[in-house]
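**Q** Got a file for you: target_13.csv, CSV, C-alpha atoms.
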chain,number,residue,atom,x,y,z
A,154,MET,CA,-1.4,-47.8,-85.6
A,155,THR,CA,-5.0,-46.8,-84.9
A,156,THR,CA,-6.5,-47.6,-81.5
A,157,LEU,CA,-9.3,-50.2,-81.7
A,158,VAL,CA,-10.1,-50.6,-78.1
A,159,SER,CA,-10.1,-47.6,-75.8
A,160,ILE,CA,-11.0,-48.1,-72.1
A,161,ARG,CA,-11.1,-45.2,-69.5
A,162,ASN,CA,-11.6,-45.4,-65.8
A,163,LEU,CA,-13.3,-48.9,-66.1
A,164,SER,CA,-14.8,-50.4,-63.0
A,165,LYS,CA,-16.8,-53.5,-62.3
A,166,THR,CA,-18.6,-54.5,-59.1
A,167,TYR,CA,-20.7,-57.6,-58.5
A,168,GLN,CA,-23.4,-57.9,-55.9
A,169,ARG,CA,-23.0,-61.2,-54.0
A,170,GLY,CA,-25.7,-61.5,-51.4
A,171,PRO,CA,-25.5,-58.5,-49.1
A,172,GLU,CA,-22.0,-57.5,-50.1
A,173,LYS,CA,-20.5,-55.8,-53.1
A,174,VAL,CA,-17.3,-57.3,-54.6
A,175,ALA,CA,-15.2,-54.9,-56.6
A,176,VAL,CA,-13.4,-56.8,-59.4
A,177,LEU,CA,-11.9,-54.0,-61.6
A,178,HIS,CA,-10.7,-50.6,-60.3
A,179,GLY,CA,-10.5,-47.6,-62.6
A,180,LEU,CA,-8.7,-49.3,-65.5
A,181,ASP,CA,-7.2,-47.4,-68.5
A,182,LEU,CA,-6.2,-49.4,-71.5
A,183,ASP,CA,-5.7,-48.9,-75.2
A,184,ILE,CA,-5.3,-51.8,-77.7
A,185,ALA,CA,-4.2,-51.0,-81.2
A,186,SER,CA,-5.9,-52.4,-84.3
A,187,GLY,CA,-4.1,-55.5,-85.4
A,188,ASP,CA,-2.6,-56.2,-81.9
A,189,PHE,CA,-2.4,-59.6,-80.2
A,190,VAL,CA,-2.7,-59.1,-76.4
A,191,ALA,CA,-2.4,-61.8,-73.8
A,192,LEU,CA,-4.1,-61.1,-70.4
A,193,MET,CA,-2.5,-62.8,-67.5
A,194,GLY,CA,-2.9,-62.8,-63.7
A,195,PRO,CA,-3.8,-64.9,-60.7
A,196,SER,CA,-7.2,-66.5,-60.3
A,197,GLY,CA,-9.7,-63.8,-59.3
A,198,SER,CA,-7.6,-60.9,-60.7
A,199,GLY,CA,-10.4,-59.8,-63.1
A,200,LYS,CA,-9.0,-61.2,-66.4
A,201,THR,CA,-12.2,-62.9,-67.6
A,202,THR,CA,-14.3,-60.0,-66.4
A,203,LEU,CA,-12.2,-57.5,-68.4
A,204,LEU,CA,-12.4,-59.9,-71.5
A,205,ASN,CA,-16.2,-60.1,-71.2
A,206,LEU,CA,-16.5,-56.3,-70.9
A,207,ILE,CA,-14.3,-55.8,-74.0
A,208,GLY,CA,-16.4,-58.4,-75.9
A,209,GLY,CA,-19.7,-56.8,-74.9
A,210,LEU,CA,-20.8,-59.9,-72.9
A,211,ASP,CA,-21.1,-57.9,-69.7
A,212,ALA,CA,-21.7,-54.2,-68.8
A,213,PRO,CA,-19.3,-52.1,-66.6
A,214,THR,CA,-20.3,-50.5,-63.3
A,215,GLY,CA,-18.5,-47.4,-64.4
A,216,GLY,CA,-16.2,-45.9,-67.0
A,217,GLU,CA,-16.1,-46.0,-70.8
A,218,ILE,CA,-15.4,-48.7,-73.4
A,219,GLU,CA,-15.0,-47.5,-77.0
A,220,ILE,CA,-14.4,-50.0,-79.7
A,221,ASP,CA,-13.7,-48.9,-83.3
A,222,GLY,CA,-15.2,-45.6,-82.5
A,223,GLU,CA,-18.4,-47.0,-80.8
A,224,ARG,CA,-19.2,-46.5,-77.1
A,225,ILE,CA,-20.5,-50.0,-76.2
A,226,ASP,CA,-20.9,-49.2,-72.5
A,227,SER,CA,-23.9,-47.0,-73.3
A,228,MET,CA,-25.6,-49.5,-75.6
A,229,GLY,CA,-28.9,-51.3,-74.7
A,230,ALA,CA,-29.1,-55.1,-74.7
A,231,GLY,CA,-30.6,-55.4,-78.2
A,232,GLN,CA,-28.1,-52.9,-79.7
A,233,LEU,CA,-25.2,-54.6,-78.0
A,234,ALA,CA,-26.3,-58.1,-79.3
A,235,THR,CA,-26.4,-56.6,-82.9
A,236,TRP,CA,-23.0,-55.0,-82.3
A,237,ARG,CA,-21.5,-58.3,-81.0
A,238,SER,CA,-22.7,-60.3,-84.0
A,239,ARG,CA,-21.1,-57.9,-86.4
A,240,ASN,CA,-17.8,-57.1,-84.6
A,241,VAL,CA,-16.7,-59.9,-82.2
A,242,GLY,CA,-15.8,-63.6,-82.5
A,243,TYR,CA,-15.5,-65.7,-79.4
A,244,VAL,CA,-13.3,-68.7,-78.6
A,245,PHE,CA,-13.8,-70.4,-75.3
A,246,GLN,CA,-11.8,-73.1,-73.4
A,247,PHE,CA,-14.5,-75.8,-73.9
A,248,TYR,CA,-15.3,-75.1,-77.5
A,249,ASN,CA,-19.1,-74.8,-76.9
A,250,LEU,CA,-20.0,-76.7,-80.1
A,251,MET,CA,-23.4,-78.2,-80.8
A,252,PRO,CA,-22.9,-82.0,-80.5
A,253,ALA,CA,-25.7,-82.9,-83.0
A,254,LEU,CA,-24.4,-80.6,-85.7
A,255,SER,CA,-21.6,-81.2,-88.2
A,256,ALA,CA,-18.5,-79.0,-88.2
A,257,GLN,CA,-19.9,-77.0,-91.1
A,258,LYS,CA,-23.3,-76.4,-89.4
A,259,ASN,CA,-21.5,-75.4,-86.2
A,260,VAL,CA,-19.5,-72.8,-88.1
A,261,GLU,CA,-22.6,-71.5,-89.9
A,262,LEU,CA,-24.4,-70.7,-86.6
A,263,PRO,CA,-23.4,-67.0,-86.3
A,264,LEU,CA,-24.5,-66.5,-89.9
A,265,LEU,CA,-28.1,-67.4,-89.0
A,266,LEU,CA,-28.3,-63.9,-87.5
A,267,THR,CA,-27.4,-62.3,-90.9
A,268,LYS,CA,-29.4,-62.0,-94.1
A,269,LEU,CA,-27.2,-64.4,-96.0
A,270,GLY,CA,-28.9,-67.2,-97.9
A,271,SER,CA,-28.2,-70.9,-97.1
A,272,ALA,CA,-25.8,-71.3,-100.1
A,273,GLN,CA,-23.7,-68.3,-99.1
A,274,ARG,CA,-23.7,-69.4,-95.5
A,275,LYS,CA,-22.4,-72.8,-96.6
A,276,ARG,CA,-19.7,-71.2,-98.8
A,277,ASN,CA,-18.6,-68.9,-96.0
A,278,ALA,CA,-18.4,-71.8,-93.5
A,279,GLN,CA,-16.3,-73.8,-95.9
A,280,VAL,CA,-13.9,-70.9,-96.4
A,281,ALA,CA,-13.5,-70.5,-92.6
A,282,LEU,CA,-12.9,-74.3,-92.2
A,283,GLU,CA,-10.4,-74.3,-94.9
A,284,LEU,CA,-8.6,-71.4,-93.2
A,285,VAL,CA,-8.2,-73.4,-90.0
A,286,GLY,CA,-7.1,-76.5,-91.9
A,287,LEU,CA,-10.3,-78.6,-91.6
A,288,SER,CA,-11.7,-78.6,-95.1
A,289,ASP,CA,-11.7,-82.4,-95.0
A,290,ARG,CA,-13.7,-82.5,-91.8
A,291,THR,CA,-16.8,-80.4,-92.7
A,292,SER,CA,-19.3,-83.2,-92.2
A,293,HIS,CA,-17.8,-84.6,-89.0
A,294,LYS,CA,-19.6,-84.0,-85.7
A,295,PRO,CA,-17.7,-82.8,-82.6
A,296,SER,CA,-17.6,-86.4,-81.1
A,297,GLU,CA,-15.7,-87.5,-84.3
A,298,LEU,CA,-13.0,-84.8,-83.8
A,299,SER,CA,-10.0,-84.5,-81.5
A,300,GLY,CA,-9.9,-81.6,-78.9
A,301,GLY,CA,-7.6,-79.6,-81.2
A,302,GLN,CA,-9.8,-80.1,-84.2
A,303,GLN,CA,-12.9,-79.1,-82.1
A,304,GLN,CA,-11.1,-75.9,-81.1
A,305,ARG,CA,-10.3,-75.3,-84.8
A,306,VAL,CA,-14.0,-75.6,-85.6
A,307,ALA,CA,-14.7,-73.1,-82.7
A,308,ILE,CA,-12.1,-70.7,-84.2
A,309,ALA,CA,-13.7,-71.1,-87.7
A,310,ARG,CA,-17.1,-70.3,-86.1
A,311,ALA,CA,-15.5,-67.2,-84.5
A,312,ILE,CA,-14.1,-65.8,-87.7
A,313,VAL,CA,-16.8,-66.8,-90.2
A,314,SER,CA,-18.6,-63.4,-89.9
A,315,ASP,CA,-15.2,-61.6,-90.4
A,316,PRO,CA,-15.2,-59.9,-87.0
A,317,THR,CA,-12.9,-57.0,-86.1
A,318,LEU,CA,-12.0,-58.5,-82.8
A,319,LEU,CA,-11.3,-62.0,-81.5
A,320,ILE,CA,-11.9,-62.7,-77.8
A,321,CYS,CA,-10.3,-65.9,-76.6
A,322,ASP,CA,-10.8,-67.2,-73.0
A,323,GLU,CA,-8.2,-69.8,-72.2
A,324,PRO,CA,-8.3,-71.2,-75.8
A,325,THR,CA,-5.7,-73.9,-75.1
A,326,GLY,CA,-6.6,-74.6,-71.5
A,327,ASP,CA,-8.2,-78.0,-72.4
A,328,LEU,CA,-5.6,-79.1,-74.9
A,329,ASP,CA,-2.3,-81.1,-74.8
A,330,ARG,CA,0.9,-79.2,-75.6
A,331,GLN,CA,1.1,-80.1,-79.3
A,332,SER,CA,-2.5,-79.2,-80.0
A,333,ALA,CA,-2.1,-76.0,-77.9
A,334,GLU,CA,0.9,-75.0,-80.0
A,335,GLU,CA,-1.0,-75.6,-83.2
A,336,ILE,CA,-4.0,-73.5,-82.0
A,337,LEU,CA,-1.7,-70.7,-80.9
A,338,GLY,CA,0.1,-70.8,-84.3
A,339,LEU,CA,-3.3,-70.5,-86.0
A,340,LEU,CA,-4.2,-67.5,-83.8
A,341,GLN,CA,-0.8,-65.9,-84.7
A,342,GLU,CA,-1.6,-66.5,-88.4
A,343,LEU,CA,-5.0,-64.9,-88.1
A,344,ASN,CA,-3.4,-62.0,-86.4
A,345,ARG,CA,-0.4,-61.5,-88.8
A,346,GLU,CA,-1.8,-62.7,-92.1
A,347,HIS,CA,-5.4,-61.6,-91.8
A,348,GLY,CA,-5.1,-58.6,-89.5
A,349,LYS,CA,-7.4,-59.9,-86.7
A,350,THR,CA,-7.1,-58.0,-83.4
A,351,ILE,CA,-6.9,-60.7,-80.6
A,352,VAL,CA,-7.3,-60.4,-76.9
A,353,MET,CA,-6.6,-63.7,-75.1
A,354,VAL,CA,-6.9,-64.6,-71.4
A,355,THR,CA,-4.4,-67.4,-70.5
A,356,HIS,CA,-2.7,-68.7,-67.4
A,357,ASP,CA,0.1,-70.3,-69.5
A,358,PRO,CA,3.3,-68.3,-70.0
A,359,LYS,CA,4.1,-70.3,-73.1
A,360,ALA,CA,0.8,-69.4,-74.7
A,361,ALA,CA,1.3,-65.7,-73.8
A,362,GLU,CA,4.6,-65.8,-75.7
A,363,HIS,CA,2.6,-66.1,-79.0
A,364,ALA,CA,1.0,-62.7,-78.4
A,365,SER,CA,2.6,-59.4,-79.3
A,366,HIS,CA,2.7,-58.4,-75.6
A,367,THR,CA,1.3,-59.4,-72.3
A,368,LEU,CA,-0.8,-57.4,-69.8
A,369,HIS,CA,-0.8,-58.5,-66.2
A,370,LEU,CA,-3.8,-57.9,-63.9
A,371,ASP,CA,-3.6,-58.2,-60.2
A,372,LYS,CA,-6.5,-57.5,-57.8
A,373,GLY,CA,-8.4,-55.6,-60.6
A,374,VAL,CA,-5.5,-53.3,-61.7
A,375,LEU,CA,-3.0,-53.5,-64.5
A,376,VAL,CA,0.5,-54.0,-63.0
A,377,GLU,CA,2.8,-54.2,-65.9
A,378,GLN,CA,3.0,-54.7,-69.7
A,379,GLN,CA,5.6,-57.0,-71.3
A,380,ALA,CA,6.4,-56.9,-75.0
A,381,HIS,CA,7.5,-60.0,-76.9
A,382,ALA,CA,10.0,-60.3,-79.6
A,383,ALA,CA,8.4,-60.6,-83.1
Show me this structure written as structure tokens.
**A**
Amino acid sequence: MTTLVSIRNLSKTYQRGPEKVAVLHGLDLDIASGDFVALMGPSGSGKTTLLNLIGGLDAPTGGEIEIDGERIDSMGAGQLATWRSRNVGYVFQFYNLMPALSAQKNVELPLLLTKLGSAQRKRNAQVALELVGLSDRTSHKPSELSGGQQQRVAIARAIVSDPTLLICDEPTGDLDRQSAEEILGLLQELNREHGKTIVMVTHDPKAAEHASHTLHLDKGVLVEQQAHAA
């Protein structure tokens, strides 16, 4: 397997008032292309910080982040925004859908940054919604959908531009168990059938079991790695 994400000596420190708070301490990590990794750890362990650094939403204080051969830690803000739009899909706990827009229009949003025409954007959005099992809900607004359906729309939006990497921050944290299982099954399908590399932060051990393996963070360092049965 080729390495998609290569992290070396990664550190992140935040300035809070007069004091500096070190969140990540000299992390080394490789994630293979086509992997499904769950990041676990207690609150404040640095899980979301690491996820945001891998997804190019934040910049490290020190160290290197190379993704698919590109050093994203040395990119400027504009270059990084372009890189994110081409390479990363994001799934958040609270969906972050636009309430006034239909499911299809929500899914089309990332494509507005591309050169695709409106007809092609619409087709791509319909394909993505079909992939997540919502082809009959394209015209529904978020308020007309269940939590699980809203998260499916969010996943369709994340994959519509065919990203290399899916970044998921507590994607089932706001869902009941049945909806959570359906979303995790969908992520597994995207990983196994469509080759998406997924990095998912979760506090739920049952959710982590759907990943290929689990990384545990504690006080900003990786403490162990646990593989799951296929």
**Q** Need the shell around Gln257 in chain A: protein/DNA/RNA residues with any atom at most 9 Å away, counting all atoms listed in the file. Skip same-chain ones fewer than 5 positions apart. Format as a ChimeraX atom specification?
**A** /A:262,275,278-279,282,290-294,306,310
**Q** I want to know what sits within 7 Å of range 349-355 of chain A, based on all atoms listed in the file, with residues of the same chain fewer than 6 positions away left out; could you give that as a list in words?
**A** Ser186, Gly187, Asp188, Phe189, Val190, Ala191, Leu192, Met193, Lys200, Thr201, Thr317, Leu318, Leu319, Ile320, Cys321, Asp322, Glu323, Leu343 and Ala361 of chain A
**Q** Which of these, A:Glu172, A:Glu362, A:Glu334, A:Glu261, has the shortest distance to Ile312 in chain A once you count only C-alpha atoms?
**A**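 Smallest separation from Ile312 in chain A among the options: A:Glu261.
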**Q** Report the distance between CA of Pro252 in chain A and CA of His356 in chain A in Å, rounded to one decimal place.
**A**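 Computed distance, CA of Pro252 in chain A to CA of His356 in chain A, equals 27.5 Å.
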**Q** Between A:Ala309, A:Ala360, A:Ala230, A:Leu180, single out the one closest to Leu337 in chain A, counting only C-alpha atoms.
**A**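 Among the listed residues, the smallest separation from Leu337 in chain A belongs to A:Ala360.
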**Q** By how many Å are CA of Leu233 in chain A and CA of Val174 in chain A apart?
**A** 24.8 Å
**Q** Contacts of Met228 in chain A at 12 Å or less, counting only C-alpha atoms, minus same-chain residues fewer than 4 places along, as a JSON list (two decimals) with C-alpha atoms, in the coordinates of the input?
**A**
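This went into selection_19.json:
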[["chain", "number", "residue", "atom", "x", "y", "z"],
["A", 209, "GLY", "CA", -19.70, -56.80, -74.90],
["A", 210, "LEU", "CA", -20.80, -59.90, -72.90],
["A", 211, "ASP", "CA", -21.10, -57.90, -69.70],
["A", 212, "ALA", "CA", -21.70, -54.20, -68.80],
["A", 213, "PRO", "CA", -19.30, -52.10, -66.60],
["A", 217, "GLU", "CA", -16.10, -46.00, -70.80],
["A", 218, "ILE", "CA", -15.40, -48.70, -73.40],
["A", 219, "GLU", "CA", -15.00, -47.50, -77.00],
["A", 220, "ILE", "CA", -14.40, -50.00, -79.70],
["A", 223, "GLU", "CA", -18.40, -47.00, -80.80],
["A", 224, "ARG", "CA", -19.20, -46.50, -77.10],
["A", 232, "GLN", "CA", -28.10, -52.90, -79.70],
["A", 233, "LEU", "CA", -25.20, -54.60, -78.00],
["A", 234, "ALA", "CA", -26.30, -58.10, -79.30],
["A", 235, "THR", "CA", -26.40, -56.60, -82.90],
["A", 236, "TRP", "CA", -23.00, -55.00, -82.30],
["A", 237, "ARG", "CA", -21.50, -58.30, -81.00]]
**Q** Just how far from CA of Ser296 in chain A is CA of Val280 in chain A, in Å to one decimal?
**A**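 Calculated distance between CA of Val280 in chain A and CA of Ser296 in chain A is 22.1 Å.
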**Q** Identify which of the residues A:Ser159, A:Leu340, A:Arg239, A:Thr202 lies closest to Asp183 in chain A, counting only C-alpha atoms when measuring atom-to-atom distances.
**A** A:Ser159
**Q** Point out the residue among A:Lys258, A:Arg169, A:Arg276, A:His363 with the least atom-to-atom distance to Glu342 in chain A, counting all atoms listed in the file.
**A**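 Using all atoms listed in the file, Glu342 in chain A sits closest to A:His363.
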**Q** Go through A:Met154, A:Met251, A:Ile160, A:Ala175 and flag the residue nearest Leu206 in chain A, using only C-alpha atoms for the distances.
**A**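 That would be A:Ile160, the residue with the smallest distance to Leu206 in chain A.
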**Q** Using only C-alpha atoms, pick whichever of A:Val285, A:Ala364, A:Val244, A:Leu264 has the shortest atom-to-atom distance to Asn344 in chain A.
**A** A:Ala364
